[in-house]
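For reference, the structure is listed below as structure tokens.
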Amino acid sequence: MPENIFLDTSIFVQENFLEGKRINEFLNLSKAGSINLILSIITVNEIKSRFKKQARMAIEKHNELLNNRQMSVLRNSVKEKSKLVKFSKIKIIAEAFDALLDEELLNANTTIIEYPVIDSEEIFKKYFEGTFPFNTGEKKHEFPDAIALLSVEEWCSKNKTECIIFSKDKDFLKSKPAKGVTVNGNYEDFLEALLTRLYKERVDIVSVLFTKNDSLINRELQEWVKGEVDDDSIYYDFTNSYDVHDIKVSSINVIKKEYQVISVEEESIEVEATATVHIKIILTIDDEESGIYDSEEKEMYYMETTELTVDQELEIPLNILFYITHKDEYDDKCEIVEINNGKPIQLEPDSSDMY
């Protein structure tokens with residue numbers, strides 16, 4: 001019998017709402033009847049509220065950046081000029097998301113638990129005692145969690161069934177729900193185990209192909225890192241803002257890689273891998289110990305150069321596709337669809353790195 005799975009708002013937030021591969025896989029599994037996806041109406045409304053709040057902040061930051069005079073120089077580039085536009089109003093964006101969320105939940109045959117008949121005595125007892133979920137100091141914001149949990153407990157009791165609540169909320173994880181309801185923070189491992197059970201023969205091939213493509217993955221990852229580190233702007237915190245005259249890649253070594261299955265389609269399986277990469281970069285920079293200081297311009301001139309070594313170990317995520325339709329029908333080569341979640345590399349200097 002399919003398990004009842006309740007996803008807390010925090011899971012949607014962590015997965016970037018409906019963009020996350022794992023969220024979409026939960027929806028697909030529920031649509032296929034492999035799980036029963038359960039949400040309370042309170043949680044649905046809270047997801048919409050959190051999206052609107054985060055989207056408003058994103059719009060404000062985006063528009064603030066557009067209003068920066070330094071950005072106007074990009075209007076001289078025909079290609080970049082088209083990107084310098086303001087987003088739609090938050091009302092339009094939020095309404096579109098709300099409609100999309102409702103549609104996705106409907107398509108996934110999600111059970112939406114309506115507002116429960118509240119045992120106000122029990123709720124206020126927890127409120128005044130400071131027990132879950134009223135133990136973080138923001139009690140007015142914690143009522144939705146309390147009522148959502150009560151909704152699941154009542155639903156399980158009424159239907160004589162059990163449910164797993166997945167949440168990343170620390171207080172939620174400390175809660176002691178009624179019999180039949182368990183709270184778990186590791187939805188990633190649960191999803192992989194479920195996909196492995198449902199598609200075992202195909203998922204088993206992933207392990208073989210991941211090893212077989214080891215050199216290919218390492219090579220593409222090293223090329224990506226090489227391109228990323230050849231940018232003097234990422235070293236400002238290392239060089240005390242002194243000019244970087246040369247960047248020499250001494251070494252880029254992939255130390256280890258681990259992966260987790262996050263999605264299974266008819267013709268492919270996607271994994272999220274994490275690679276530990278050690279880099280060693282030699283920078284040629286201005287030597288602040290040399291040169292002549294111009295007191296009028298308040299700048300150093302005629303400086304000699306010196307070398308600075310940047311030696312770091314990075315954790316870099318990769319999304320990799322394996323084309324596997326059957327245990328005996330698959331492509332030997334994989335496809336790396338995204339590195340570092342599409343974001344540029346970031347280096348964080350420690351005391352030994354800084355100039």
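Chains: A, B, ... in order of the structure tokens. Residues: from 1 per chain. Ligands: from 1, in order shown.
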Contacts of Glu25 of chain A at 10 Å (only C-alpha atoms; same-chain gap of 6+ positions) as a PyMOL selection string: chain A and resi 31+191+195+262-265
So that I have them on file, write out the residues from the current selection with C-alpha atoms, as a short mmCIF file (atom, residue, chain, number, x, y, z; two decimals), in the first residue's frame.
data_model
loop_
_atom_site.label_atom_id
_atom_site.label_comp_id
_atom_site.auth_asym_id
_atom_site.auth_seq_id
_atom_site.Cartn_x
_atom_site.Cartn_y
_atom_site.Cartn_z
CA LYS A 31 0.36 11.12 -9.72
CA LEU A 191 13.16 9.55 -2.11
CA LEU A 195 13.09 5.26 -6.50
CA ILE A 262 16.75 12.39 -7.57
CA SER A 263 14.55 11.65 -10.59
CA VAL A 264 13.54 8.73 -12.81
CA GLU A 265 11.93 9.36 -16.21
#
Selection: 8 Å around segment 110-112 of chain A, only C-alpha atoms, excl. self and same-chain fewer than 2 positions, as an NGL selection string: :A and (30 or 36-41 or 105-108 or 114)
Between atom CA of Ile59 of chain A and atom CA of Arg75 of chain A, distance in Å (one decimal): 19.9 Å
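The residue that comes closest to His245 of chain A, out of A:Cys163, A:Ile42, A:Ala148, A:Ile285 and on the basis of only C-alpha atoms, is A:Ile285.
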Backbone-only DSSP, strand (DSSP E) members of segment 96-341 of chain A, as an MDAnalysis selection string: chainID A and resid 111:113 163:166 181:184 244:264 269:286 292:294 299:301 305:322 324:326 329:330 335:339
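Taking only C-alpha atoms into account, Tyr199 of chain A lies nearest to A:Thr325 out of the set A:Thr325, A:Asn109, A:Asn16, A:Asn24.
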Residues within 12 Å of Arg219 of chain A, only C-alpha atoms, excluding chain neighbours under 5 positions, as a compact mmCIF listing (two decimals) with C-alpha atoms, in the first residue's frame:
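Written file, out.txt:
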# COMPACT_ATOMS: atom_id res chain seq x y z
CA ASN A 213 32.17 7.81 -16.77
CA ASP A 214 34.53 8.79 -13.97
CA TRP A 224 34.54 24.17 -15.82
CA VAL A 225 36.67 25.03 -12.77
CA LYS A 226 39.53 26.12 -15.03
CA ILE A 252 42.79 20.99 -10.22
CA ASN A 253 42.19 17.57 -8.70
CA VAL A 254 38.87 15.82 -8.16
CA VAL A 277 37.76 19.40 -5.75
CA ILE A 336 26.34 16.72 -17.25
Contacts of segment 2-14 of chain A within 8 Å, only C-alpha atoms, excl. fewer than 2 positions in-chain, as a list in words: Asn16, Phe17, Leu18, Ile23, Gly33, Ser34, Ile35, Asn36, Leu37, Ile38, Leu39, Thr43, Val44, Glu46, Ile47, Arg50, Phe51, Glu162, Cys163, Ile164, Ile165, Phe166, Ser167, Lys168 and Asp169 of chain A
Filtered DSSP result for segment 79-326 of chain A, state alpha helix (DSSP H), as a ChimeraX atom specification: /A:79-81,90-107,120-129,139-159,170-173,187-198,200-212,214-229,236-239
